[in-house]
Amino acid sequence: MSVLVAYATHSGATRSLAEVIVDELILAGTEAVLHDIAADPDPVGHDAAVIGSGIRMDALEKSFQDWAGRHAAALGARPVALFTCSGSAANPAKAERQKGTESFLARSPIRPVAVRNFPGWVLMDRIPLAERTLLRAMRTPIGDFRDLDAVAAWAREVRPLLR
Ligand SMILES: Cc1cc2nc3c(=O)[nH]c(=O)nc-3n(C[C@H](O)[C@H](O)[C@H](O)COP(=O)(O)O)c2cc1C
């Protein structure tokens with residue numbers, strides 16, 4: 001079985017989670033390949049996919065939504081696990097599914113076998129100046145909130161669901 005792990009990122013946090021997922025799948029004996037959505041990977045060459053997007057302004061990355069739209073038929077016909085990476089996931093009260101995930105799935109033929117929203121990071125030196133001002137105005141907590149053990153555990157959990 002071959003699994004495509006594809007991600008969309010602005011500041012790198014989602015990529016770092018996708019790397020953990022691909023490593024964990026390989027460790028468990030599954031063939032898995034990592035691709036940035038910017039390179040337009042084709043799910044057709046794979047049996048299943050784990051797809052992930054950073055969250056911006058309560059939405060999945062536009063590049064992610066465009067890619068998923070272009071490959072909707074292939075993604076809809078395969079087992080797919082979906083994860084998001086957000087600042088608010090660090091807050092237990094907001095750690096469940098993102099609003100953006102709900103609206104994305106409502107418009108997509110993808111019926112994920114699993115969905116998870118993971119905490120990412122909000123690191124000012126990785127964010128363009130104009131957006132820093134916005135984040136400060138929104139009083140967004142700053143820091144690295146990633147829990148890579150939780151990401152690895154999720155990868156192990158979803159692996160059998162991708163068959
Ligand atoms: C302009 C901007 C808007 C953001 N909007 C949200 C948001 O609406 N909800 C949220 O939980 N996090 C929000 N975040 C935090 C990101 O989701 C977080 O930094 C995440 O780790 C980004 O992933 P990436 O590094 O893969 O792009 C925002 C960050 C930026 C820079």
# chains A, B, ... in the order shown; residues from 1 in each chain; ligands from 1
$ select_by_dssp --residues "region 72-122 of chain A" --states "strand (DSSP E)" --output "list of chain:residue names"
A:Val80, A:Ala81, A:Leu82, A:Phe83, A:Thr84, A:Cys85, A:Ser86, A:Ala114, A:Val115, A:Arg116, A:Asn117, A:Phe118, A:Pro119, A:Trp121, A:Val122
$ write_last_selection --atoms "N, CA and C atoms" --output "PDB file, in the first residue's frame"
ATOM      1  N   VAL A  80      -9.113   8.634   2.967  1.00  0.00           N
ATOM      2  CA  VAL A  80      -8.364   9.874   3.214  1.00  0.00           C
ATOM      3  C   VAL A  80      -8.505  10.243   4.687  1.00  0.00           C
ATOM      4  N   ALA A  81      -7.393  10.567   5.325  1.00  0.00           N
ATOM      5  CA  ALA A  81      -7.426  11.136   6.676  1.00  0.00           C
ATOM      6  C   ALA A  81      -7.033  12.597   6.560  1.00  0.00           C
ATOM      7  N   LEU A  82      -7.747  13.462   7.282  1.00  0.00           N
ATOM      8  CA  LEU A  82      -7.556  14.910   7.153  1.00  0.00           C
ATOM      9  C   LEU A  82      -7.105  15.501   8.482  1.00  0.00           C
ATOM     10  N   PHE A  83      -6.045  16.325   8.423  1.00  0.00           N
ATOM     11  CA  PHE A  83      -5.678  17.047   9.648  1.00  0.00           C
ATOM     12  C   PHE A  83      -5.489  18.521   9.347  1.00  0.00           C
ATOM     13  N   THR A  84      -5.717  19.312  10.378  1.00  0.00           N
ATOM     14  CA  THR A  84      -5.448  20.741  10.288  1.00  0.00           C
ATOM     15  C   THR A  84      -4.458  21.103  11.388  1.00  0.00           C
ATOM     16  N   CYS A  85      -3.857  22.264  11.217  1.00  0.00           N
ATOM     17  CA  CYS A  85      -2.816  22.727  12.136  1.00  0.00           C
ATOM     18  C   CYS A  85      -3.143  24.197  12.425  1.00  0.00           C
ATOM     19  N   SER A  86      -3.443  24.491  13.686  1.00  0.00           N
ATOM     20  CA  SER A  86      -3.933  25.842  13.976  1.00  0.00           C
ATOM     21  C   SER A  86      -3.400  26.373  15.296  1.00  0.00           C
ATOM     22  N   ALA A 114     -10.798   9.812   9.157  1.00  0.00           N
ATOM     23  CA  ALA A 114     -10.425  10.425  10.434  1.00  0.00           C
ATOM     24  C   ALA A 114     -10.161  11.908  10.201  1.00  0.00           C
ATOM     25  N   VAL A 115     -10.466  12.727  11.206  1.00  0.00           N
ATOM     26  CA  VAL A 115     -10.216  14.174  11.128  1.00  0.00           C
ATOM     27  C   VAL A 115      -9.622  14.612  12.454  1.00  0.00           C
ATOM     28  N   ARG A 116      -8.547  15.402  12.395  1.00  0.00           N
ATOM     29  CA  ARG A 116      -7.967  15.909  13.656  1.00  0.00           C
ATOM     30  C   ARG A 116      -7.404  17.309  13.444  1.00  0.00           C
ATOM     31  N   ASN A 117      -7.606  18.131  14.453  1.00  0.00           N
ATOM     32  CA  ASN A 117      -7.046  19.481  14.451  1.00  0.00           C
ATOM     33  C   ASN A 117      -5.916  19.529  15.485  1.00  0.00           C
ATOM     34  N   PHE A 118      -4.691  19.745  15.013  1.00  0.00           N
ATOM     35  CA  PHE A 118      -3.536  19.760  15.914  1.00  0.00           C
ATOM     36  C   PHE A 118      -3.059  21.186  16.178  1.00  0.00           C
ATOM     37  N   PRO A 119      -2.506  21.429  17.361  1.00  0.00           N
ATOM     38  CA  PRO A 119      -1.864  22.719  17.590  1.00  0.00           C
ATOM     39  C   PRO A 119      -0.609  22.862  16.739  1.00  0.00           C
ATOM     40  N   TRP A 121       2.224  26.301  15.515  1.00  0.00           N
ATOM     41  CA  TRP A 121       2.974  27.356  16.204  1.00  0.00           C
ATOM     42  C   TRP A 121       2.528  28.713  15.658  1.00  0.00           C
ATOM     43  N   VAL A 122       2.730  29.724  16.468  1.00  0.00           N
ATOM     44  CA  VAL A 122       2.557  31.101  16.005  1.00  0.00           C
ATOM     45  C   VAL A 122       3.870  31.789  16.372  1.00  0.00           C
TER      46      VAL A 122
END
$ residues_near_ligand --ligand "ligand 1" --cutoff "6 Å" --atoms "only C-alpha atoms and all ligand atoms" --output "JSON list (two decimals) with N, CA and C atoms, in the first residue's frame"
[["chain", "number", "residue", "atom", "x", "y", "z"],
["A", 9, "THR", "N", 1.15, 24.69, 3.72],
["A", 9, "THR", "CA", 1.69, 25.44, 4.86],
["A", 9, "THR", "C", 2.06, 26.85, 4.46],
["A", 10, "HIS", "N", 2.01, 27.76, 5.42],
["A", 10, "HIS", "CA", 2.55, 29.10, 5.20],
["A", 10, "HIS", "C", 3.86, 29.28, 5.96],
["A", 11, "SER", "N", 3.85, 28.87, 7.23],
["A", 11, "SER", "CA", 5.05, 29.14, 8.04],
["A", 11, "SER", "C", 5.79, 27.88, 8.46],
["A", 12, "GLY", "N", 5.37, 26.71, 7.96],
["A", 12, "GLY", "CA", 6.15, 25.48, 8.16],
["A", 12, "GLY", "C", 5.62, 24.52, 9.21],
["A", 13, "ALA", "N", 4.67, 24.96, 10.03],
["A", 13, "ALA", "CA", 4.21, 24.08, 11.12],
["A", 13, "ALA", "C", 3.52, 22.83, 10.57],
["A", 14, "THR", "N", 2.65, 23.01, 9.58],
["A", 14, "THR", "CA", 1.92, 21.86, 9.03],
["A", 14, "THR", "C", 2.89, 20.87, 8.39],
["A", 54, "GLY", "N", -2.68, 24.11, 7.10],
["A", 54, "GLY", "CA", -2.68, 25.14, 8.12],
["A", 54, "GLY", "C", -4.00, 25.89, 8.08],
["A", 55, "ILE", "N", -4.33, 26.54, 9.19],
["A", 55, "ILE", "CA", -5.58, 27.31, 9.28],
["A", 55, "ILE", "C", -5.25, 28.80, 9.26],
["A", 56, "ARG", "N", -5.95, 29.53, 8.43],
["A", 56, "ARG", "CA", -5.82, 30.99, 8.38],
["A", 56, "ARG", "C", -7.21, 31.60, 8.31],
["A", 57, "MET", "N", -7.45, 32.50, 9.23],
["A", 57, "MET", "CA", -8.75, 33.20, 9.27],
["A", 57, "MET", "C", -9.90, 32.19, 9.18],
["A", 58, "ASP", "N", -9.84, 31.20, 10.06],
["A", 58, "ASP", "CA", -10.91, 30.19, 10.18],
["A", 58, "ASP", "C", -11.13, 29.38, 8.91],
["A", 85, "CYS", "N", -3.86, 22.26, 11.22],
["A", 85, "CYS", "CA", -2.82, 22.73, 12.14],
["A", 85, "CYS", "C", -3.14, 24.20, 12.42],
["A", 86, "SER", "N", -3.44, 24.49, 13.69],
["A", 86, "SER", "CA", -3.93, 25.84, 13.98],
["A", 86, "SER", "C", -3.40, 26.37, 15.30],
["A", 87, "GLY", "N", -3.52, 27.67, 15.45],
["A", 87, "GLY", "CA", -3.12, 28.28, 16.72],
["A", 87, "GLY", "C", -4.11, 27.93, 17.81],
["A", 88, "SER", "N", -5.38, 27.96, 17.49],
["A", 88, "SER", "CA", -6.40, 27.79, 18.53],
["A", 88, "SER", "C", -6.48, 26.35, 19.04],
["A", 120, "GLY", "N", -0.39, 24.07, 16.22],
["A", 120, "GLY", "CA", 0.82, 24.35, 15.46],
["A", 120, "GLY", "C", 1.69, 25.32, 16.24],
["A", 121, "TRP", "N", 2.22, 26.30, 15.51],
["A", 121, "TRP", "CA", 2.97, 27.36, 16.20],
["A", 121, "TRP", "C", 2.53, 28.71, 15.66],
["A", 122, "VAL", "N", 2.73, 29.72, 16.47],
["A", 122, "VAL", "CA", 2.56, 31.10, 16.01],
["A", 122, "VAL", "C", 3.87, 31.79, 16.37],
["A", 127, "ILE", "N", 6.31, 34.96, 10.24],
["A", 127, "ILE", "CA", 5.06, 35.53, 9.71],
["A", 127, "ILE", "C", 5.35, 36.91, 9.11],
["A", 131, "GLU", "N", 0.86, 40.61, 8.72],
["A", 131, "GLU", "CA", 0.05, 39.62, 9.45],
["A", 131, "GLU", "C", 0.36, 39.64, 10.94]]
$ select_by_dssp --residues "region 61-123 of chain A" --states "alpha helix (DSSP H)" --output "short mmCIF file (atom, residue, chain, number, x, y, z; two decimals) with C-alpha atoms, in the first residue's frame"
data_model
loop_
_atom_site.label_atom_id
_atom_site.label_comp_id
_atom_site.auth_asym_id
_atom_site.auth_seq_id
_atom_site.Cartn_x
_atom_site.Cartn_y
_atom_site.Cartn_z
CA LYS A 62 -6.64 28.36 -0.29
CA SER A 63 -3.92 26.34 -2.05
CA PHE A 64 -5.14 23.26 -0.16
CA GLN A 65 -8.77 23.86 -1.13
CA ASP A 66 -7.81 24.42 -4.78
CA TRP A 67 -5.69 21.26 -4.86
CA ALA A 68 -8.41 19.17 -3.17
CA GLY A 69 -10.90 20.56 -5.68
CA ARG A 70 -8.71 19.65 -8.66
CA ALA A 72 -11.69 15.70 -5.81
CA ALA A 73 -12.58 12.60 -7.82
CA ALA A 74 -9.39 10.75 -6.83
CA LEU A 75 -9.59 11.84 -3.19
CA GLY A 76 -13.28 10.97 -2.99
CA LYS A 99 -15.00 25.77 11.50
CA GLY A 100 -12.95 25.82 8.30
CA THR A 101 -12.91 22.00 8.22
CA GLU A 102 -16.68 21.83 8.43
CA SER A 103 -17.21 24.25 5.56
CA PHE A 104 -14.49 22.57 3.45
CA LEU A 105 -16.04 19.11 3.92
CA ALA A 106 -19.54 20.42 3.22
#
$ residues_around --residues "Val33 (chain A)" --least-positions-apart "6" --cutoff "7 Å" --atoms "only C-alpha atoms" --output "ChimeraX atom specification"
/A:3-5,22
$ closest_residue --among "A:His46, A:Ile21, A:Pro128, A:Tyr7" --to "Ala153 (chain A)" --atoms "only C-alpha atoms"
A:Ile21
$ residues_around --residues "Asp36 (chain A)" --least-positions-apart "6" --cutoff "8 Å" --atoms "only C-alpha atoms" --output "JSON, numbers by chain"
{"A": [6, 7, 8, 15]}
$ write_last_selection --atoms "N, CA and C atoms" --output "short mmCIF file (atom, residue, chain, number, x, y, z; two decimals), in the first residue's frame"
data_model
loop_
_atom_site.label_atom_id
_atom_site.label_comp_id
_atom_site.auth_asym_id
_atom_site.auth_seq_id
_atom_site.Cartn_x
_atom_site.Cartn_y
_atom_site.Cartn_z
N ALA A 6 0.18 14.73 2.00
CA ALA A 6 0.28 16.01 1.31
C ALA A 6 -0.16 17.14 2.25
N TYR A 7 0.57 18.25 2.18
CA TYR A 7 0.29 19.33 3.15
C TYR A 7 0.36 20.69 2.47
N ALA A 8 -0.37 21.65 3.07
CA ALA A 8 -0.27 23.05 2.66
C ALA A 8 0.14 23.86 3.88
N ARG A 15 3.92 21.40 7.72
CA ARG A 15 4.94 20.49 7.15
C ARG A 15 5.58 19.65 8.26
#
$ atom_distance --atom1 "CA of Arg107 (chain A)" --atom2 "CA of His71 (chain A)"
13.4 Å
$ residues_around --residues "Glu24 (chain A)" --least-positions-apart "5" --cutoff "12 Å" --atoms "only C-alpha atoms" --output "MDAnalysis selection string"
chainID A and resid 3 5 17:19 29:34 148:159
$ decode --residues "region 130-142 of chain A" --atoms "N, CA and C atoms" --output "PDB file, in the first residue's frame"
ATOM      1  N   ALA A 130       2.829  42.405   7.988  1.00  0.00           N
ATOM      2  CA  ALA A 130       1.430  42.854   7.981  1.00  0.00           C
ATOM      3  C   ALA A 130       0.559  41.904   8.808  1.00  0.00           C
ATOM      4  N   GLU A 131       0.858  40.606   8.720  1.00  0.00           N
ATOM      5  CA  GLU A 131       0.049  39.624   9.445  1.00  0.00           C
ATOM      6  C   GLU A 131       0.364  39.640  10.940  1.00  0.00           C
ATOM      7  N   ARG A 132       1.595  40.022  11.298  1.00  0.00           N
ATOM      8  CA  ARG A 132       1.941  40.102  12.725  1.00  0.00           C
ATOM      9  C   ARG A 132       1.014  41.083  13.425  1.00  0.00           C
ATOM     10  N   THR A 133       0.776  42.223  12.765  1.00  0.00           N
ATOM     11  CA  THR A 133      -0.081  43.255  13.347  1.00  0.00           C
ATOM     12  C   THR A 133      -1.485  42.696  13.565  1.00  0.00           C
ATOM     13  N   LEU A 134      -1.965  41.955  12.567  1.00  0.00           N
ATOM     14  CA  LEU A 134      -3.294  41.354  12.651  1.00  0.00           C
ATOM     15  C   LEU A 134      -3.371  40.378  13.832  1.00  0.00           C
ATOM     16  N   LEU A 135      -2.349  39.534  13.953  1.00  0.00           N
ATOM     17  CA  LEU A 135      -2.355  38.532  15.025  1.00  0.00           C
ATOM     18  C   LEU A 135      -2.291  39.197  16.393  1.00  0.00           C
ATOM     19  N   ARG A 136      -1.506  40.291  16.484  1.00  0.00           N
ATOM     20  CA  ARG A 136      -1.426  41.010  17.765  1.00  0.00           C
ATOM     21  C   ARG A 136      -2.794  41.593  18.100  1.00  0.00           C
ATOM     22  N   ALA A 137      -3.457  42.148  17.072  1.00  0.00           N
ATOM     23  CA  ALA A 137      -4.784  42.751  17.291  1.00  0.00           C
ATOM     24  C   ALA A 137      -5.786  41.686  17.745  1.00  0.00           C
ATOM     25  N   MET A 138      -5.603  40.455  17.231  1.00  0.00           N
ATOM     26  CA  MET A 138      -6.523  39.365  17.607  1.00  0.00           C
ATOM     27  C   MET A 138      -6.111  38.725  18.942  1.00  0.00           C
ATOM     28  N   ARG A 139      -5.029  39.235  19.529  1.00  0.00           N
ATOM     29  CA  ARG A 139      -4.489  38.693  20.803  1.00  0.00           C
ATOM     30  C   ARG A 139      -4.244  37.181  20.718  1.00  0.00           C
ATOM     31  N   THR A 140      -3.744  36.743  19.566  1.00  0.00           N
ATOM     32  CA  THR A 140      -3.419  35.326  19.354  1.00  0.00           C
ATOM     33  C   THR A 140      -2.234  34.939  20.251  1.00  0.00           C
ATOM     34  N   PRO A 141      -2.353  33.832  21.004  1.00  0.00           N
ATOM     35  CA  PRO A 141      -1.209  33.388  21.803  1.00  0.00           C
ATOM     36  C   PRO A 141       0.003  33.065  20.912  1.00  0.00           C
ATOM     37  N   ILE A 142       1.188  33.498  21.342  1.00  0.00           N
ATOM     38  CA  ILE A 142       2.422  33.296  20.576  1.00  0.00           C
ATOM     39  C   ILE A 142       3.193  32.126  21.184  1.00  0.00           C
TER      40      ILE A 142
END
